[in-house]
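Undergrad: Below you'll find data-v4.pdb; it's PDB, N, CA and C atoms.
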```
ATOM      1  N   MET A 173     -82.882  90.687 -13.403  1.00  0.00           N
ATOM      2  CA  MET A 173     -82.098  90.272 -14.559  1.00  0.00           C
ATOM      3  C   MET A 173     -80.842  91.131 -14.644  1.00  0.00           C
ATOM      4  N   GLN A 174     -79.692  90.498 -14.767  1.00  0.00           N
ATOM      5  CA  GLN A 174     -78.431  91.230 -14.872  1.00  0.00           C
ATOM      6  C   GLN A 174     -78.210  91.715 -16.296  1.00  0.00           C
ATOM      7  N   ARG A 175     -77.612  92.904 -16.396  1.00  0.00           N
ATOM      8  CA  ARG A 175     -77.215  93.394 -17.709  1.00  0.00           C
ATOM      9  C   ARG A 175     -76.035  92.559 -18.177  1.00  0.00           C
ATOM     10  N   ALA A 176     -75.833  92.462 -19.487  1.00  0.00           N
ATOM     11  CA  ALA A 176     -74.758  91.635 -20.044  1.00  0.00           C
ATOM     12  C   ALA A 176     -73.394  92.038 -19.506  1.00  0.00           C
ATOM     13  N   ALA A 177     -73.105  93.345 -19.459  1.00  0.00           N
ATOM     14  CA  ALA A 177     -71.800  93.797 -18.976  1.00  0.00           C
ATOM     15  C   ALA A 177     -71.606  93.410 -17.518  1.00  0.00           C
ATOM     16  N   GLU A 178     -72.670  93.521 -16.731  1.00  0.00           N
ATOM     17  CA  GLU A 178     -72.585  93.176 -15.317  1.00  0.00           C
ATOM     18  C   GLU A 178     -72.363  91.675 -15.152  1.00  0.00           C
ATOM     19  N   ALA A 179     -73.079  90.877 -15.897  1.00  0.00           N
ATOM     20  CA  ALA A 179     -72.962  89.425 -15.801  1.00  0.00           C
ATOM     21  C   ALA A 179     -71.573  88.945 -16.187  1.00  0.00           C
ATOM     22  N   ASP A 180     -70.959  89.601 -17.148  1.00  0.00           N
ATOM     23  CA  ASP A 180     -69.640  89.193 -17.621  1.00  0.00           C
ATOM     24  C   ASP A 180     -68.506  89.936 -16.925  1.00  0.00           C
ATOM     25  N   GLY A 181     -68.832  90.917 -16.091  1.00  0.00           N
ATOM     26  CA  GLY A 181     -67.799  91.687 -15.407  1.00  0.00           C
ATOM     27  C   GLY A 181     -67.012  92.603 -16.328  1.00  0.00           C
ATOM     28  N   ILE A 182     -67.643  93.031 -17.408  1.00  0.00           N
ATOM     29  CA  ILE A 182     -66.971  93.886 -18.383  1.00  0.00           C
ATOM     30  C   ILE A 182     -67.458  95.324 -18.200  1.00  0.00           C
ATOM     31  N   PRO A 183     -66.564  96.240 -17.812  1.00  0.00           N
ATOM     32  CA  PRO A 183     -66.995  97.634 -17.707  1.00  0.00           C
ATOM     33  C   PRO A 183     -67.228  98.230 -19.092  1.00  0.00           C
ATOM     34  N   VAL A 184     -68.266  99.034 -19.208  1.00  0.00           N
ATOM     35  CA  VAL A 184     -68.605  99.655 -20.488  1.00  0.00           C
ATOM     36  C   VAL A 184     -68.621 101.167 -20.291  1.00  0.00           C
ATOM     37  N   ASN A 185     -67.705 101.861 -20.932  1.00  0.00           N
ATOM     38  CA  ASN A 185     -67.610 103.313 -20.852  1.00  0.00           C
ATOM     39  C   ASN A 185     -67.401 103.851 -22.255  1.00  0.00           C
ATOM     40  N   THR A 186     -67.734 105.119 -22.450  1.00  0.00           N
ATOM     41  CA  THR A 186     -67.552 105.734 -23.763  1.00  0.00           C
ATOM     42  C   THR A 186     -66.815 107.058 -23.621  1.00  0.00           C
ATOM     43  N   VAL A 187     -66.160 107.452 -24.696  1.00  0.00           N
ATOM     44  CA  VAL A 187     -65.416 108.712 -24.731  1.00  0.00           C
ATOM     45  C   VAL A 187     -66.042 109.589 -25.812  1.00  0.00           C
ATOM     46  N   HIS A 188     -66.455 110.783 -25.424  1.00  0.00           N
ATOM     47  CA  HIS A 188     -67.090 111.718 -26.340  1.00  0.00           C
ATOM     48  C   HIS A 188     -66.285 113.011 -26.327  1.00  0.00           C
ATOM     49  N   SER A 189     -65.336 113.105 -27.194  1.00  0.00           N
ATOM     50  CA  SER A 189     -64.515 114.319 -27.208  1.00  0.00           C
ATOM     51  C   SER A 189     -65.246 115.440 -27.945  1.00  0.00           C
ATOM     52  N   VAL A 190     -64.850 116.654 -27.664  1.00  0.00           N
ATOM     53  CA  VAL A 190     -65.490 117.811 -28.286  1.00  0.00           C
ATOM     54  C   VAL A 190     -64.511 118.386 -29.305  1.00  0.00           C
ATOM     55  N   VAL A 191     -63.930 119.513 -29.024  1.00  0.00           N
ATOM     56  CA  VAL A 191     -63.020 120.163 -29.962  1.00  0.00           C
ATOM     57  C   VAL A 191     -61.588 119.829 -29.543  1.00  0.00           C
ATOM     58  N   ILE A 192     -60.955 118.970 -30.330  1.00  0.00           N
ATOM     59  CA  ILE A 192     -59.596 118.524 -30.054  1.00  0.00           C
ATOM     60  C   ILE A 192     -58.694 119.025 -31.175  1.00  0.00           C
ATOM     61  N   ASP A 193     -57.523 119.510 -30.808  1.00  0.00           N
ATOM     62  CA  ASP A 193     -56.563 120.062 -31.771  1.00  0.00           C
ATOM     63  C   ASP A 193     -55.959 118.934 -32.607  1.00  0.00           C
ATOM     64  N   THR A 194     -56.594 118.665 -33.745  1.00  0.00           N
ATOM     65  CA  THR A 194     -56.117 117.644 -34.680  1.00  0.00           C
ATOM     66  C   THR A 194     -56.181 118.210 -36.099  1.00  0.00           C
ATOM     67  N   PRO A 195     -55.515 117.570 -37.041  1.00  0.00           N
ATOM     68  CA  PRO A 195     -55.507 118.057 -38.428  1.00  0.00           C
ATOM     69  C   PRO A 195     -56.870 118.072 -39.118  1.00  0.00           C
ATOM     70  N   ILE A 196     -57.889 117.421 -38.554  1.00  0.00           N
ATOM     71  CA  ILE A 196     -59.199 117.389 -39.210  1.00  0.00           C
ATOM     72  C   ILE A 196     -59.753 118.795 -39.427  1.00  0.00           C
ATOM     73  N   TRP A 197     -59.395 119.746 -38.557  1.00  0.00           N
ATOM     74  CA  TRP A 197     -59.918 121.101 -38.677  1.00  0.00           C
ATOM     75  C   TRP A 197     -59.452 121.784 -39.958  1.00  0.00           C
ATOM     76  N   THR A 198     -58.319 121.382 -40.504  1.00  0.00           N
ATOM     77  CA  THR A 198     -57.862 121.971 -41.764  1.00  0.00           C
ATOM     78  C   THR A 198     -58.589 121.361 -42.952  1.00  0.00           C
ATOM     79  N   LYS A 199     -59.286 120.255 -42.735  1.00  0.00           N
ATOM     80  CA  LYS A 199     -60.006 119.566 -43.811  1.00  0.00           C
ATOM     81  C   LYS A 199     -61.467 119.993 -43.905  1.00  0.00           C
ATOM     82  N   LEU A 200     -62.002 120.571 -42.830  1.00  0.00           N
ATOM     83  CA  LEU A 200     -63.400 120.992 -42.801  1.00  0.00           C
ATOM     84  C   LEU A 200     -63.517 122.431 -43.282  1.00  0.00           C
ATOM     85  N   SER A 201     -64.646 122.760 -43.895  1.00  0.00           N
ATOM     86  CA  SER A 201     -64.844 124.148 -44.316  1.00  0.00           C
ATOM     87  C   SER A 201     -66.006 124.751 -43.550  1.00  0.00           C
ATOM     88  N   GLY A 202     -65.849 125.975 -43.128  1.00  0.00           N
ATOM     89  CA  GLY A 202     -66.869 126.647 -42.331  1.00  0.00           C
ATOM     90  C   GLY A 202     -67.820 127.465 -43.160  1.00  0.00           C
ATOM     91  N   SER A 203     -68.999 127.674 -42.647  1.00  0.00           N
ATOM     92  CA  SER A 203     -70.023 128.538 -43.253  1.00  0.00           C
ATOM     93  C   SER A 203     -70.348 128.163 -44.692  1.00  0.00           C
ATOM     94  N   GLY A 204     -70.211 126.902 -45.048  1.00  0.00           N
ATOM     95  CA  GLY A 204     -70.532 126.466 -46.395  1.00  0.00           C
ATOM     96  C   GLY A 204     -69.547 126.911 -47.451  1.00  0.00           C
ATOM     97  N   GLU A 205     -68.495 127.606 -47.062  1.00  0.00           N
ATOM     98  CA  GLU A 205     -67.503 128.072 -48.028  1.00  0.00           C
ATOM     99  C   GLU A 205     -66.495 126.962 -48.310  1.00  0.00           C
ATOM    100  N   ARG A 206     -66.006 126.917 -49.530  1.00  0.00           N
ATOM    101  CA  ARG A 206     -65.007 125.907 -49.881  1.00  0.00           C
ATOM    102  C   ARG A 206     -63.618 126.406 -49.520  1.00  0.00           C
ATOM    103  N   ASN A 207     -62.813 125.481 -49.049  1.00  0.00           N
ATOM    104  CA  ASN A 207     -61.404 125.744 -48.759  1.00  0.00           C
ATOM    105  C   ASN A 207     -61.162 126.805 -47.699  1.00  0.00           C
ATOM    106  N   VAL A 208     -62.145 127.057 -46.863  1.00  0.00           N
ATOM    107  CA  VAL A 208     -61.960 127.966 -45.738  1.00  0.00           C
ATOM    108  C   VAL A 208     -62.054 127.113 -44.473  1.00  0.00           C
ATOM    109  N   PRO A 209     -60.921 126.817 -43.846  1.00  0.00           N
ATOM    110  CA  PRO A 209     -60.961 125.933 -42.683  1.00  0.00           C
ATOM    111  C   PRO A 209     -61.700 126.544 -41.497  1.00  0.00           C
ATOM    112  N   ILE A 210     -62.288 125.683 -40.704  1.00  0.00           N
ATOM    113  CA  ILE A 210     -62.961 126.107 -39.480  1.00  0.00           C
ATOM    114  C   ILE A 210     -61.901 126.419 -38.435  1.00  0.00           C
ATOM    115  N   ASP A 211     -62.106 127.473 -37.685  1.00  0.00           N
ATOM    116  CA  ASP A 211     -61.191 127.843 -36.609  1.00  0.00           C
ATOM    117  C   ASP A 211     -61.588 127.087 -35.349  1.00  0.00           C
ATOM    118  N   PRO A 212     -60.823 126.068 -34.935  1.00  0.00           N
ATOM    119  CA  PRO A 212     -61.211 125.293 -33.752  1.00  0.00           C
ATOM    120  C   PRO A 212     -61.234 126.129 -32.475  1.00  0.00           C
ATOM    121  N   LYS A 213     -60.400 127.162 -32.395  1.00  0.00           N
ATOM    122  CA  LYS A 213     -60.401 128.010 -31.200  1.00  0.00           C
ATOM    123  C   LYS A 213     -61.726 128.752 -31.073  1.00  0.00           C
ATOM    124  N   GLY A 214     -62.255 129.220 -32.190  1.00  0.00           N
ATOM    125  CA  GLY A 214     -63.548 129.902 -32.173  1.00  0.00           C
ATOM    126  C   GLY A 214     -64.679 128.957 -31.795  1.00  0.00           C
ATOM    127  N   VAL A 215     -64.632 127.751 -32.334  1.00  0.00           N
ATOM    128  CA  VAL A 215     -65.655 126.748 -32.014  1.00  0.00           C
ATOM    129  C   VAL A 215     -65.596 126.417 -30.529  1.00  0.00           C
ATOM    130  N   ALA A 216     -64.388 126.214 -30.005  1.00  0.00           N
ATOM    131  CA  ALA A 216     -64.230 125.877 -28.589  1.00  0.00           C
ATOM    132  C   ALA A 216     -64.685 127.014 -27.690  1.00  0.00           C
ATOM    133  N   LYS A 217     -64.349 128.225 -28.068  1.00  0.00           N
ATOM    134  CA  LYS A 217     -64.726 129.373 -27.250  1.00  0.00           C
ATOM    135  C   LYS A 217     -66.244 129.497 -27.155  1.00  0.00           C
ATOM    136  N   ALA A 218     -66.926 129.166 -28.244  1.00  0.00           N
ATOM    137  CA  ALA A 218     -68.381 129.287 -28.287  1.00  0.00           C
ATOM    138  C   ALA A 218     -69.115 128.105 -27.656  1.00  0.00           C
ATOM    139  N   GLY A 219     -68.509 126.914 -27.681  1.00  0.00           N
ATOM    140  CA  GLY A 219     -69.288 125.753 -27.269  1.00  0.00           C
ATOM    141  C   GLY A 219     -68.671 124.797 -26.270  1.00  0.00           C
ATOM    142  N   VAL A 220     -67.471 125.062 -25.794  1.00  0.00           N
ATOM    143  CA  VAL A 220     -66.825 124.165 -24.838  1.00  0.00           C
ATOM    144  C   VAL A 220     -66.803 124.862 -23.479  1.00  0.00           C
ATOM    145  N   PRO A 221     -67.286 124.201 -22.425  1.00  0.00           N
ATOM    146  CA  PRO A 221     -67.319 124.852 -21.108  1.00  0.00           C
ATOM    147  C   PRO A 221     -65.985 125.452 -20.668  1.00  0.00           C
ATOM    148  N   LEU A 222     -64.870 124.822 -20.981  1.00  0.00           N
ATOM    149  CA  LEU A 222     -63.572 125.378 -20.607  1.00  0.00           C
ATOM    150  C   LEU A 222     -63.143 126.514 -21.523  1.00  0.00           C
ATOM    151  N   GLY A 223     -63.824 126.639 -22.674  1.00  0.00           N
ATOM    152  CA  GLY A 223     -63.526 127.730 -23.591  1.00  0.00           C
ATOM    153  C   GLY A 223     -62.218 127.598 -24.342  1.00  0.00           C
ATOM    154  N   ARG A 224     -61.693 126.390 -24.403  1.00  0.00           N
ATOM    155  CA  ARG A 224     -60.419 126.194 -25.106  1.00  0.00           C
ATOM    156  C   ARG A 224     -60.434 124.871 -25.860  1.00  0.00           C
ATOM    157  N   VAL A 225     -59.535 124.773 -26.819  1.00  0.00           N
ATOM    158  CA  VAL A 225     -59.373 123.553 -27.600  1.00  0.00           C
ATOM    159  C   VAL A 225     -58.627 122.530 -26.751  1.00  0.00           C
ATOM    160  N   GLY A 226     -59.081 121.285 -26.791  1.00  0.00           N
ATOM    161  CA  GLY A 226     -58.391 120.216 -26.084  1.00  0.00           C
ATOM    162  C   GLY A 226     -57.247 119.663 -26.917  1.00  0.00           C
ATOM    163  N   GLN A 227     -56.388 118.942 -26.266  1.00  0.00           N
ATOM    164  CA  GLN A 227     -55.254 118.289 -26.931  1.00  0.00           C
ATOM    165  C   GLN A 227     -55.503 116.783 -26.954  1.00  0.00           C
ATOM    166  N   ALA A 228     -54.897 116.101 -27.912  1.00  0.00           N
ATOM    167  CA  ALA A 228     -55.052 114.652 -28.006  1.00  0.00           C
ATOM    168  C   ALA A 228     -54.646 113.977 -26.698  1.00  0.00           C
ATOM    169  N   GLN A 229     -53.652 114.517 -26.018  1.00  0.00           N
ATOM    170  CA  GLN A 229     -53.197 113.929 -24.750  1.00  0.00           C
ATOM    171  C   GLN A 229     -54.289 114.000 -23.685  1.00  0.00           C
ATOM    172  N   ASP A 230     -55.156 115.010 -23.743  1.00  0.00           N
ATOM    173  CA  ASP A 230     -56.271 115.106 -22.800  1.00  0.00           C
ATOM    174  C   ASP A 230     -57.185 113.895 -22.930  1.00  0.00           C
ATOM    175  N   ILE A 231     -57.477 113.505 -24.158  1.00  0.00           N
ATOM    176  CA  ILE A 231     -58.325 112.343 -24.408  1.00  0.00           C
ATOM    177  C   ILE A 231     -57.582 111.060 -24.033  1.00  0.00           C
ATOM    178  N   ALA A 232     -56.313 110.989 -24.410  1.00  0.00           N
ATOM    179  CA  ALA A 232     -55.511 109.801 -24.091  1.00  0.00           C
ATOM    180  C   ALA A 232     -55.460 109.569 -22.586  1.00  0.00           C
ATOM    181  N   ASN A 233     -55.329 110.629 -21.803  1.00  0.00           N
ATOM    182  CA  ASN A 233     -55.288 110.482 -20.349  1.00  0.00           C
ATOM    183  C   ASN A 233     -56.582 109.883 -19.803  1.00  0.00           C
ATOM    184  N   GLY A 234     -57.722 110.331 -20.339  1.00  0.00           N
ATOM    185  CA  GLY A 234     -59.008 109.769 -19.911  1.00  0.00           C
ATOM    186  C   GLY A 234     -59.140 108.306 -20.281  1.00  0.00           C
ATOM    187  N   VAL A 235     -58.715 107.952 -21.484  1.00  0.00           N
ATOM    188  CA  VAL A 235     -58.783 106.559 -21.932  1.00  0.00           C
ATOM    189  C   VAL A 235     -57.844 105.685 -21.096  1.00  0.00           C
ATOM    190  N   LEU A 236     -56.662 106.190 -20.803  1.00  0.00           N
ATOM    191  CA  LEU A 236     -55.729 105.440 -19.952  1.00  0.00           C
ATOM    192  C   LEU A 236     -56.330 105.201 -18.568  1.00  0.00           C
ATOM    193  N   PHE A 237     -57.012 106.202 -18.033  1.00  0.00           N
ATOM    194  CA  PHE A 237     -57.670 106.025 -16.750  1.00  0.00           C
ATOM    195  C   PHE A 237     -58.721 104.925 -16.834  1.00  0.00           C
ATOM    196  N   LEU A 238     -59.564 104.957 -17.875  1.00  0.00           N
ATOM    197  CA  LEU A 238     -60.608 103.943 -18.017  1.00  0.00           C
ATOM    198  C   LEU A 238     -60.030 102.546 -18.198  1.00  0.00           C
ATOM    199  N   ALA A 239     -58.849 102.452 -18.791  1.00  0.00           N
ATOM    200  CA  ALA A 239     -58.213 101.157 -19.010  1.00  0.00           C
ATOM    201  C   ALA A 239     -57.440 100.670 -17.778  1.00  0.00           C
ATOM    202  N   SER A 240     -57.288 101.533 -16.786  1.00  0.00           N
ATOM    203  CA  SER A 240     -56.498 101.181 -15.604  1.00  0.00           C
ATOM    204  C   SER A 240     -57.368 100.573 -14.503  1.00  0.00           C
ATOM    205  N   GLU A 241     -56.708  99.986 -13.527  1.00  0.00           N
ATOM    206  CA  GLU A 241     -57.402  99.437 -12.365  1.00  0.00           C
ATOM    207  C   GLU A 241     -58.075 100.530 -11.535  1.00  0.00           C
ATOM    208  N   ALA A 242     -57.599 101.771 -11.655  1.00  0.00           N
ATOM    209  CA  ALA A 242     -58.165 102.877 -10.883  1.00  0.00           C
ATOM    210  C   ALA A 242     -59.634 103.117 -11.225  1.00  0.00           C
ATOM    211  N   SER A 243     -60.064 102.703 -12.401  1.00  0.00           N
ATOM    212  CA  SER A 243     -61.456 102.910 -12.811  1.00  0.00           C
ATOM    213  C   SER A 243     -62.288 101.638 -12.641  1.00  0.00           C
ATOM    214  N   GLY A 244     -61.812 100.723 -11.835  1.00  0.00           N
ATOM    215  CA  GLY A 244     -62.458  99.424 -11.682  1.00  0.00           C
ATOM    216  C   GLY A 244     -63.926  99.453 -11.298  1.00  0.00           C
ATOM    217  N   TYR A 245     -64.382 100.495 -10.649  1.00  0.00           N
ATOM    218  CA  TYR A 245     -65.780 100.561 -10.224  1.00  0.00           C
ATOM    219  C   TYR A 245     -66.622 101.412 -11.166  1.00  0.00           C
ATOM    220  N   MET A 246     -66.013 101.952 -12.223  1.00  0.00           N
ATOM    221  CA  MET A 246     -66.749 102.777 -13.180  1.00  0.00           C
ATOM    222  C   MET A 246     -67.281 101.932 -14.312  1.00  0.00           C
ATOM    223  N   THR A 247     -68.551 102.047 -14.582  1.00  0.00           N
ATOM    224  CA  THR A 247     -69.144 101.453 -15.772  1.00  0.00           C
ATOM    225  C   THR A 247     -70.354 102.278 -16.139  1.00  0.00           C
ATOM    226  N   GLY A 248     -70.575 102.429 -17.424  1.00  0.00           N
ATOM    227  CA  GLY A 248     -71.686 103.248 -17.891  1.00  0.00           C
ATOM    228  C   GLY A 248     -71.370 104.721 -17.831  1.00  0.00           C
ATOM    229  N   ALA A 249     -70.101 105.068 -17.669  1.00  0.00           N
ATOM    230  CA  ALA A 249     -69.711 106.470 -17.560  1.00  0.00           C
ATOM    231  C   ALA A 249     -69.364 107.025 -18.923  1.00  0.00           C
ATOM    232  N   GLU A 250     -69.482 108.332 -19.058  1.00  0.00           N
ATOM    233  CA  GLU A 250     -69.059 109.027 -20.265  1.00  0.00           C
ATOM    234  C   GLU A 250     -67.992 110.021 -19.882  1.00  0.00           C
ATOM    235  N   LEU A 251     -66.917 110.051 -20.636  1.00  0.00           N
ATOM    236  CA  LEU A 251     -65.867 111.031 -20.426  1.00  0.00           C
ATOM    237  C   LEU A 251     -65.755 111.886 -21.656  1.00  0.00           C
TER     238      LEU A 251
END
```
Is it possible to give me this structure as structure tokens?

TA:
Amino acid sequence: MQRAAEADGIPVNTVHSVVIDTPIWTKLSGSGERNVPIDPKGVAKAGVPLGRVGQAQDIANGVLFLASEASGYMTGAEL
């Protein structure tokens, strides 16, 4: 039995970003304290393999790749 994506020729991929430098970090509060923003650099250093905060362009580049013909054989992948 073919999977739906395979039968229709539709590649299915997902993007799971981690710590990206966006304004949301100024809206979140750390350690349960009010109005104390979370430091994204500290979060990235502790939990991101590269040890740094990503940029929106990093995610955009991955999405552009998935939308391009270069990723034609990729399906079921996570970036």

Undergrad: Using all atoms listed in the file for the distances, tell me which of A:Val208, A:Val225, A:Leu236, A:Ala218 is nearest to Val191 in chain A.

TA: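 Of A:Val208, A:Val225, A:Leu236, A:Ala218, the one nearest Val191 in chain A is A:Val225, counting all atoms listed in the file.
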
Undergrad: Pick from A:Ala179, A:Val184, A:Leu200, A:Ile192: nearest to Gly248 in chain A, with only C-alpha atoms counted?

TA: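 Under the stated criterion, the closest residue is A:Val184.
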
Undergrad: Taking the DSSP secondary structure from the backbone, can you list the residues of chain A that are alpha helix (DSSP H), as a ChimeraX atom specification?

TA: /A:176-180,196-199,212-219,228-239

Undergrad: Report, in Å with one decimal, the straight-line distance from CA of Gly234 in chain A to atom C of Val190 in chain A.

TA: 13.9 Å

Undergrad: Record the distance separating atom C of Pro195 in chain A and CA of Ser240 in chain A, expressed in Å with one decimal.

TA: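 Taking atom C of Pro195 in chain A and CA of Ser240 in chain A, their separation equals 29.0 Å.
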
Undergrad: Counting only C-alpha atoms, what is within 9 Å of Arg224 in chain A, bar same-chain residues fewer than 2 positions away, as a compact mmCIF listing (two decimals) with N, CA and C atoms, keeping the file's coordinate frame?

TA:
```
# COMPACT_ATOMS: atom_id res chain seq x y z
N VAL A 191 -63.93 119.51 -29.02
CA VAL A 191 -63.02 120.16 -29.96
C VAL A 191 -61.59 119.83 -29.54
N PRO A 212 -60.82 126.07 -34.94
CA PRO A 212 -61.21 125.29 -33.75
C PRO A 212 -61.23 126.13 -32.48
N LYS A 213 -60.40 127.16 -32.40
CA LYS A 213 -60.40 128.01 -31.20
C LYS A 213 -61.73 128.75 -31.07
N GLY A 214 -62.26 129.22 -32.19
CA GLY A 214 -63.55 129.90 -32.17
C GLY A 214 -64.68 128.96 -31.80
N VAL A 215 -64.63 127.75 -32.33
CA VAL A 215 -65.66 126.75 -32.01
C VAL A 215 -65.60 126.42 -30.53
N ALA A 216 -64.39 126.21 -30.00
CA ALA A 216 -64.23 125.88 -28.59
C ALA A 216 -64.68 127.01 -27.69
N LYS A 217 -64.35 128.22 -28.07
CA LYS A 217 -64.73 129.37 -27.25
C LYS A 217 -66.24 129.50 -27.16
N VAL A 220 -67.47 125.06 -25.79
CA VAL A 220 -66.82 124.16 -24.84
C VAL A 220 -66.80 124.86 -23.48
N PRO A 221 -67.29 124.20 -22.42
CA PRO A 221 -67.32 124.85 -21.11
C PRO A 221 -65.98 125.45 -20.67
N LEU A 222 -64.87 124.82 -20.98
CA LEU A 222 -63.57 125.38 -20.61
C LEU A 222 -63.14 126.51 -21.52
N GLY A 226 -59.08 121.28 -26.79
CA GLY A 226 -58.39 120.22 -26.08
C GLY A 226 -57.25 119.66 -26.92
```

Undergrad: Take CA of Asn185 in chain A and CA of Glu250 in chain A and report the distance between them in Å, one decimal.

TA: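 Computing it gives 5.9 Å between the two atoms.
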
Undergrad: As a PDB file with N, CA and C atoms, in the coordinates of the input, list the residues of chain A assigned to strand (DSSP E or B) by DSSP on the backbone atoms of this structure.

TA:
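Resulting contents of states-v8.pdb:
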```pdb
ATOM      1  N   THR A 186     -67.734 105.119 -22.450  1.00  0.00           N
ATOM      2  CA  THR A 186     -67.552 105.734 -23.763  1.00  0.00           C
ATOM      3  C   THR A 186     -66.815 107.058 -23.621  1.00  0.00           C
ATOM      4  N   ILE A 192     -60.955 118.970 -30.330  1.00  0.00           N
ATOM      5  CA  ILE A 192     -59.596 118.524 -30.054  1.00  0.00           C
ATOM      6  C   ILE A 192     -58.694 119.025 -31.175  1.00  0.00           C
ATOM      7  N   SER A 201     -64.646 122.760 -43.895  1.00  0.00           N
ATOM      8  CA  SER A 201     -64.844 124.148 -44.316  1.00  0.00           C
ATOM      9  C   SER A 201     -66.006 124.751 -43.550  1.00  0.00           C
ATOM     10  N   PRO A 209     -60.921 126.817 -43.846  1.00  0.00           N
ATOM     11  CA  PRO A 209     -60.961 125.933 -42.683  1.00  0.00           C
ATOM     12  C   PRO A 209     -61.700 126.544 -41.497  1.00  0.00           C
ATOM     13  N   GLY A 226     -59.081 121.285 -26.791  1.00  0.00           N
ATOM     14  CA  GLY A 226     -58.391 120.216 -26.084  1.00  0.00           C
ATOM     15  C   GLY A 226     -57.247 119.663 -26.917  1.00  0.00           C
ATOM     16  N   GLU A 250     -69.482 108.332 -19.058  1.00  0.00           N
ATOM     17  CA  GLU A 250     -69.059 109.027 -20.265  1.00  0.00           C
ATOM     18  C   GLU A 250     -67.992 110.021 -19.882  1.00  0.00           C
TER      19      GLU A 250
END
```

Undergrad: Name the residues that the PyMOL selection byres ((chain A and resi 197) around 7) pulls out of this structure, and write them as an mmCIF file with N, CA and C atoms, in the frame of the given file.

TA:
```cif
data_model
loop_
_atom_site.group_PDB
_atom_site.id
_atom_site.type_symbol
_atom_site.label_atom_id
_atom_site.label_comp_id
_atom_site.auth_asym_id
_atom_site.auth_seq_id
_atom_site.Cartn_x
_atom_site.Cartn_y
_atom_site.Cartn_z
ATOM 1 N N ASP A 193 -57.523 119.510 -30.808
ATOM 2 C CA ASP A 193 -56.563 120.062 -31.771
ATOM 3 C C ASP A 193 -55.959 118.934 -32.607
ATOM 4 N N THR A 194 -56.594 118.665 -33.745
ATOM 5 C CA THR A 194 -56.117 117.644 -34.680
ATOM 6 C C THR A 194 -56.181 118.210 -36.099
ATOM 7 N N PRO A 195 -55.515 117.570 -37.041
ATOM 8 C CA PRO A 195 -55.507 118.057 -38.428
ATOM 9 C C PRO A 195 -56.870 118.072 -39.118
ATOM 10 N N ILE A 196 -57.889 117.421 -38.554
ATOM 11 C CA ILE A 196 -59.199 117.389 -39.210
ATOM 12 C C ILE A 196 -59.753 118.795 -39.427
ATOM 13 N N THR A 198 -58.319 121.382 -40.504
ATOM 14 C CA THR A 198 -57.862 121.971 -41.764
ATOM 15 C C THR A 198 -58.589 121.361 -42.952
ATOM 16 N N LYS A 199 -59.286 120.255 -42.735
ATOM 17 C CA LYS A 199 -60.006 119.566 -43.811
ATOM 18 C C LYS A 199 -61.467 119.993 -43.905
ATOM 19 N N LEU A 200 -62.002 120.571 -42.830
ATOM 20 C CA LEU A 200 -63.400 120.992 -42.801
ATOM 21 C C LEU A 200 -63.517 122.431 -43.282
ATOM 22 N N SER A 201 -64.646 122.760 -43.895
ATOM 23 C CA SER A 201 -64.844 124.148 -44.316
ATOM 24 C C SER A 201 -66.006 124.751 -43.550
ATOM 25 N N PRO A 209 -60.921 126.817 -43.846
ATOM 26 C CA PRO A 209 -60.961 125.933 -42.683
ATOM 27 C C PRO A 209 -61.700 126.544 -41.497
ATOM 28 N N ILE A 210 -62.288 125.683 -40.704
ATOM 29 C CA ILE A 210 -62.961 126.107 -39.480
ATOM 30 C C ILE A 210 -61.901 126.419 -38.435
ATOM 31 N N ASP A 211 -62.106 127.473 -37.685
ATOM 32 C CA ASP A 211 -61.191 127.843 -36.609
ATOM 33 C C ASP A 211 -61.588 127.087 -35.349
ATOM 34 N N PRO A 212 -60.823 126.068 -34.935
ATOM 35 C CA PRO A 212 -61.211 125.293 -33.752
ATOM 36 C C PRO A 212 -61.234 126.129 -32.475
#
```
